[in-house]
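Structure file query26.txt (compact mmCIF, C-alpha atoms) follows.
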```txt
# COMPACT_ATOMS: atom_id res chain seq x y z
CA LYS P 1 -87.05 35.97 43.69
CA ASN P 2 -88.48 33.26 41.52
CA GLU P 3 -90.44 34.18 38.43
CA VAL P 4 -92.98 31.57 37.44
CA GLU P 5 -94.48 31.71 33.98
CA GLN P 6 -97.35 29.57 32.74
CA SER P 7 -98.74 29.05 29.29
CA PRO P 8 -101.25 29.18 27.85
CA GLN P 9 -103.30 31.57 29.99
CA ASN P 10 -106.54 30.28 28.51
CA LEU P 11 -107.25 27.00 26.77
CA THR P 12 -110.48 25.70 25.32
CA ALA P 13 -110.54 22.17 23.95
CA GLN P 14 -112.98 19.44 22.97
CA GLU P 15 -113.69 16.46 25.15
CA GLY P 16 -111.17 13.70 24.56
CA GLU P 17 -108.31 15.96 23.52
CA PHE P 18 -104.81 15.67 24.99
CA ILE P 19 -104.03 18.78 27.02
CA THR P 20 -100.63 20.25 27.85
CA ILE P 21 -99.96 23.15 30.19
CA ASN P 22 -96.44 24.49 30.53
CA CYS P 23 -94.63 26.12 33.41
CA SER P 24 -91.17 27.63 33.64
CA TYR P 25 -89.36 29.12 36.59
CA SER P 26 -86.25 31.24 36.92
CA VAL P 27 -84.53 30.05 40.11
CA GLY P 28 -83.59 26.59 41.33
CA ILE P 29 -86.29 25.00 43.44
CA SER P 30 -86.80 22.18 45.91
CA ALA P 31 -90.19 21.24 44.46
CA LEU P 32 -92.72 22.20 41.82
CA HIS P 33 -96.42 22.02 42.61
CA TRP P 34 -99.39 21.68 40.32
CA LEU P 35 -102.67 22.86 41.80
CA GLN P 36 -106.25 22.81 40.56
CA GLN P 37 -108.81 25.45 41.42
CA HIS P 38 -112.43 24.77 40.50
CA PRO P 39 -115.02 27.48 39.88
CA GLY P 40 -116.23 27.00 43.45
CA GLY P 41 -112.84 28.34 44.55
CA GLY P 42 -111.30 25.45 46.45
CA ILE P 43 -107.66 24.59 45.71
CA VAL P 44 -106.48 21.02 45.43
CA SER P 45 -102.90 19.84 45.20
CA LEU P 46 -102.46 17.60 42.15
CA PHE P 47 -98.74 16.95 42.16
CA MET P 48 -95.60 17.86 43.99
CA LEU P 49 -92.46 16.87 42.15
CA SER P 50 -88.76 17.55 42.27
CA SER P 51 -87.61 15.32 39.42
CA GLY P 52 -88.85 13.09 36.64
CA LYS P 53 -92.48 12.29 36.13
CA LYS P 54 -95.59 11.49 38.15
CA LYS P 55 -98.91 10.05 37.05
CA HIS P 56 -102.28 10.05 38.71
CA GLY P 57 -105.16 8.71 36.70
CA ARG P 58 -105.40 10.74 33.51
CA LEU P 59 -103.00 13.41 34.79
CA ILE P 60 -99.27 13.35 34.20
CA ALA P 61 -96.72 15.89 35.46
CA THR P 62 -93.13 16.10 34.30
CA ILE P 63 -90.25 18.29 35.31
CA ASN P 64 -86.87 19.07 33.74
CA ILE P 65 -84.66 20.51 36.44
CA GLN P 66 -81.87 21.57 34.05
CA GLU P 67 -84.27 23.50 31.84
CA LYS P 68 -86.35 24.78 34.79
CA HIS P 69 -89.52 23.64 33.08
CA SER P 70 -92.51 21.51 33.99
CA SER P 71 -95.55 20.32 32.08
CA LEU P 72 -98.96 19.08 33.14
CA HIS P 73 -100.72 16.75 30.73
CA ILE P 74 -104.33 15.59 30.76
CA THR P 75 -105.19 12.59 28.64
CA ALA P 76 -108.73 11.93 27.37
CA SER P 77 -109.91 15.28 28.72
CA HIS P 78 -113.41 15.56 30.14
CA PRO P 79 -115.66 18.56 30.91
CA ARG P 80 -115.13 17.93 34.63
CA ASP P 81 -111.44 18.77 34.06
CA SER P 82 -112.51 22.38 33.44
CA ALA P 83 -110.75 24.44 36.08
CA VAL P 84 -107.83 26.77 36.63
CA TYR P 85 -104.49 24.95 36.81
CA ILE P 86 -101.74 26.68 38.71
CA CYS P 87 -98.08 25.81 38.91
CA ALA P 88 -96.08 26.97 41.88
CA ALA P 89 -92.40 26.87 42.76
CA GLN P 90 -91.07 26.06 46.21
CA GLU P 91 -87.50 27.18 46.80
CA GLY P 92 -86.84 25.85 50.28
CA GLY P 93 -88.50 23.25 52.46
CA ALA P 94 -90.45 25.73 54.55
CA ASP P 95 -90.80 28.50 51.99
CA GLY P 96 -94.19 29.45 50.75
CA LEU P 97 -94.91 28.95 47.09
CA THR P 98 -94.40 31.39 44.23
CA PHE P 99 -97.30 30.98 41.87
CA GLY P 100 -97.83 31.24 38.16
CA LYS P 101 -100.85 33.21 36.96
CA GLY P 102 -102.78 30.05 36.20
CA THR P 103 -104.22 28.44 33.07
CA HIS P 104 -107.97 28.62 32.67
CA LEU P 105 -108.99 25.36 30.99
CA ILE P 106 -112.41 24.73 29.50
CA ILE P 107 -113.26 21.32 28.09
CA GLN P 108 -116.34 21.39 25.89
CA PRO P 109 -118.51 18.27 25.48
CA ASP S 1 -113.51 15.08 58.24
CA THR S 2 -112.06 18.37 57.00
CA ALA S 3 -108.26 18.46 56.91
CA VAL S 4 -107.78 22.25 56.82
CA SER S 5 -110.74 24.32 57.92
CA GLN S 6 -110.97 28.07 57.97
CA THR S 7 -113.73 30.33 59.21
CA PRO S 8 -115.59 32.33 58.28
CA LYS S 9 -116.21 31.49 54.64
CA TYR S 10 -117.42 35.02 53.92
CA LEU S 11 -116.56 38.20 55.79
CA VAL S 12 -118.04 41.57 54.93
CA THR S 13 -116.88 44.52 56.97
CA GLN S 14 -116.28 48.25 56.83
CA MET S 15 -113.04 50.12 56.40
CA GLY S 16 -111.18 50.71 59.60
CA ASN S 17 -112.51 47.63 61.39
CA ASP S 18 -110.38 44.87 62.89
CA LYS S 19 -111.17 41.28 61.95
CA SER S 20 -109.78 37.77 62.33
CA ILE S 21 -109.84 34.66 60.19
CA LYS S 22 -109.32 31.33 61.91
CA CYS S 23 -107.55 28.28 60.52
CA GLU S 24 -107.19 24.80 61.94
CA GLN S 25 -105.57 21.67 60.52
CA ASN S 26 -106.04 18.15 61.84
CA LEU S 27 -103.30 16.56 59.74
CA GLY S 28 -100.53 16.89 62.29
CA HIS S 29 -98.56 19.05 59.87
CA ASP S 30 -95.65 21.11 61.15
CA THR S 31 -96.04 24.12 58.86
CA MET S 32 -99.01 26.36 58.13
CA TYR S 33 -99.40 29.18 55.63
CA TRP S 34 -101.59 32.10 54.70
CA TYR S 35 -102.02 32.99 51.03
CA LYS S 36 -103.88 35.90 49.46
CA GLN S 37 -105.71 35.61 46.13
CA ASP S 38 -106.42 38.97 44.55
CA SER S 39 -109.21 40.01 42.20
CA LYS S 40 -107.18 38.76 39.23
CA LYS S 41 -106.99 35.34 40.90
CA PHE S 42 -103.25 35.67 41.50
CA LEU S 43 -102.04 33.84 44.61
CA LYS S 44 -99.28 35.17 46.83
CA ILE S 45 -97.70 33.92 50.04
CA MET S 46 -98.29 36.08 53.09
CA PHE S 47 -96.92 34.09 56.02
CA SER S 48 -95.74 30.67 57.01
CA TYR S 49 -95.33 29.23 60.49
CA ASN S 50 -93.16 26.25 61.30
CA ASN S 51 -93.31 24.84 64.82
CA LYS S 52 -94.84 28.10 66.07
CA GLU S 53 -92.09 30.24 64.61
CA LEU S 54 -92.62 32.70 61.81
CA ILE S 55 -90.19 31.69 59.14
CA ILE S 56 -91.11 33.90 56.23
CA ASN S 57 -92.99 37.12 56.03
CA GLU S 58 -93.42 38.65 52.61
CA THR S 59 -93.97 42.38 52.07
CA VAL S 60 -97.25 42.38 53.91
CA PRO S 61 -98.44 45.45 55.83
CA ASN S 62 -97.96 45.15 59.56
CA ARG S 63 -101.72 45.54 59.92
CA PHE S 64 -101.72 41.81 59.20
CA SER S 65 -100.51 39.59 61.99
CA PRO S 66 -100.53 35.80 62.16
CA LYS S 67 -101.12 34.20 65.55
CA SER S 68 -100.44 30.54 66.23
CA PRO S 69 -101.67 29.36 69.64
CA ASP S 70 -100.52 25.83 68.82
CA LYS S 71 -99.22 23.72 65.95
CA ALA S 72 -102.73 23.02 64.65
CA HIS S 73 -103.88 26.62 64.40
CA LEU S 74 -102.75 29.70 62.50
CA ASN S 75 -105.14 32.62 62.74
CA LEU S 76 -104.89 35.80 60.72
CA HIS S 77 -105.63 39.13 62.39
CA ILE S 78 -106.15 42.24 60.31
CA ASN S 79 -106.27 45.71 61.85
CA SER S 80 -107.64 48.90 60.31
CA LEU S 81 -109.02 47.18 57.24
CA GLU S 82 -108.64 48.94 53.90
CA LEU S 83 -110.52 48.55 50.62
CA GLY S 84 -107.46 46.93 49.06
CA ASP S 85 -107.58 44.12 51.59
CA SER S 86 -110.61 42.71 49.79
CA ALA S 87 -109.52 39.31 48.49
CA VAL S 88 -109.83 35.60 49.14
CA TYR S 89 -107.50 34.37 51.87
CA PHE S 90 -106.42 30.74 51.90
CA CYS S 91 -104.91 28.86 54.77
CA ALA S 92 -102.75 25.81 53.97
CA SER S 93 -100.58 23.29 55.75
CA SER S 94 -97.81 20.83 54.94
CA GLN S 95 -95.30 18.56 56.64
CA ILE S 96 -91.99 19.98 55.50
CA SER S 97 -89.99 17.41 57.44
CA SER S 98 -91.49 14.75 55.22
CA TYR S 99 -90.17 14.51 51.69
CA ASN S 100 -92.89 14.95 49.13
CA SER S 101 -95.52 16.35 51.46
CA PRO S 102 -98.05 18.25 49.35
CA LEU S 103 -99.93 21.31 50.50
CA HIS S 104 -103.45 21.01 51.83
CA PHE S 105 -105.58 24.10 51.40
CA GLY S 106 -108.58 25.35 53.29
CA ASN S 107 -111.64 26.42 51.30
CA GLY S 108 -110.82 30.09 51.50
CA THR S 109 -112.32 33.14 53.19
CA ARG S 110 -113.73 35.82 50.91
CA LEU S 111 -113.12 39.16 52.61
CA THR S 112 -115.01 42.19 51.33
CA VAL S 113 -114.18 45.59 52.76
CA THR S 114 -116.72 48.32 52.06
```
Please re-express this file's structure in structure tokens.
Amino acid sequence: KNEVEQSPQNLTAQEGEFITINCSYSVGISALHWLQQHPGGGIVSLFMLSSGKKKHGRLIATINIQEKHSSLHITASHPRDSAVYICAAQEGGADGLTFGKGTHLIIQP
Amino acid sequence: DTAVSQTPKYLVTQMGNDKSIKCEQNLGHDTMYWYKQDSKKFLKIMFSYNNKELIINETVPNRFSPKSPDKAHLNLHINSLELGDSAVYFCASSQISSYNSPLHFGNGTRLTVT
């Protein structure tokens, strides 16, 4: 069973700061997901990656398969980035995800 | 045009009742899932269905049963509801036969058992 650890649990930063959220997992995976959950409760998939790096706007996700570690970066953070960010490991193609406990991010203006 | 829709959004019911939550996806995905988010906001897989076959089933009480009438629907039936069933339930779908297919989530159903 995969253990997924995220850090930090809570993060408060000023607008414009560079944000990093870390995720580590214990068992080899087929993919690593980064999800965003806004206060309204909806969950949005940000990235799904199995190697290397992906970028979407101000968001960047990286993964190191050997070290079983992934990071989510937010450049030029903005108050609208305030949300809970969740990493999740997928072991097989049809397996459900194993989730980290989430990082509650608050960006202050 | 909603990709993954689940109903109802809120469900308040008494202990011992039987209830259902419906989920539909219009993305043509081959796999659908049910996830439970507890009061501490921790998400956990409950079921997944691939081509109408149950492929994983975590340690979920057998009071919970997924029903998939077709590839686009995965409904969740809950019998004899208990207080501990109170949570937010999310439906999701993906195309596992396609490399790099992300998950699409429904908006969640907040179940409150009194």
(request) Within 9 Å of range 19-33 of chain S, counting only C-alpha atoms, which residues show up once you throw out same-chain ones fewer than 3 positions away? Write them as a ChimeraX atom specification, please. (result) /P:94,96 /S:1-8,11,13,45-52,71-81,89-97,104,106,109
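Of the listed residues S:Ser86, S:Val113, S:Leu54, S:Phe105, the one whose atoms come nearest to Ser68 in chain S is S:Leu54, with distances taken using all atoms listed in the file.
If you count only C-alpha atoms and ignore residues fewer than 4 places along the chain from range 37-39 of chain S, what sits within 12 Å of it is Gln37, Gly41, Gly42, Ile43, Phe99, Lys101 and Gly102 of chain P; Leu43, Lys44, Ile45, Met46, Gly84, Asp85, Ser86, Ala87, Val88, Tyr89, Phe90, Cys91, Gly108, Thr109, Arg110, Leu111 and Thr112 of chain S.
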(message) Show me, as a PyMOL selection string, the residues that have an atom within 9 Å of Ile86 in chain P when counting all atoms listed in the file, minus same-chain residues fewer than 2 positions from it.
(response) chain P and resi 6+23+33-37+84+88+99-104
(request) Within 12 Å of (-95.2, 21.6, 39.7) (coordinates as in the file), grab all the protein and nucleic acid residues, counting only C-alpha atoms, and write them out as a ChimeraX atom specification. (result) /P:4-6,21-25,29-36,45-54,60-65,68-73,85-91,97-100,102 /S:100,102-103
Leaving out Ser77 in chain P and any residue of its chain fewer than 6 positions from it, which residues lie within 10 Å of it when counting only C-alpha atoms, given as a PDB file with C-alpha atoms, keeping the file's coordinate frame?
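Once written, around-v5.pdb looks like this:
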```
ATOM      1  CA  ALA P  13    -110.540  22.170  23.950  1.00  0.00           C
ATOM      2  CA  GLN P  14    -112.980  19.440  22.970  1.00  0.00           C
ATOM      3  CA  GLU P  15    -113.690  16.460  25.150  1.00  0.00           C
ATOM      4  CA  GLY P  16    -111.170  13.700  24.560  1.00  0.00           C
ATOM      5  CA  GLU P  17    -108.310  15.960  23.520  1.00  0.00           C
ATOM      6  CA  PHE P  18    -104.810  15.670  24.990  1.00  0.00           C
ATOM      7  CA  ILE P  19    -104.030  18.780  27.020  1.00  0.00           C
ATOM      8  CA  ARG P  58    -105.400  10.740  33.510  1.00  0.00           C
ATOM      9  CA  LEU P  59    -103.000  13.410  34.790  1.00  0.00           C
ATOM     10  CA  ILE P 106    -112.410  24.730  29.500  1.00  0.00           C
ATOM     11  CA  ILE P 107    -113.260  21.320  28.090  1.00  0.00           C
ATOM     12  CA  GLN P 108    -116.340  21.390  25.890  1.00  0.00           C
ATOM     13  CA  PRO P 109    -118.510  18.270  25.480  1.00  0.00           C
TER      14      PRO P 109
END
```
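Rounded to one decimal, CA of Asn2 in chain P and CA of Val60 in chain S lie 17.7 Å from each other.
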(request) Select, from S:Pro69, S:Glu58, S:Arg63, S:Phe42, the residue with the minimum atom-to-atom distance to chain P, counting all atoms listed in the file. (result)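 Selected residue with least distance to chain P: S:Phe42.
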(request) Would you mind telling me which residue in P:Ile74, P:His38, P:Ser26, P:Leu11 lies nearest to chain S when using only C-alpha atoms? (result) P:His38
(request) Measuring atom to atom with only C-alpha atoms, identify which of P:Val44, P:Lys55, P:His78, P:Ala83 is nearest to chain S. (result) P:Val44
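Candidate residues P:Pro8, P:Asp95, P:Lys1, P:Arg80 were compared for distance to chain S, and the nearest is P:Asp95, using only C-alpha atoms.
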(request) Pick out the closest residue to chain S from this set: P:Gln66, P:Ala76, P:Pro39, P:Asp81. Count all atoms listed in the file. (result) P:Pro39
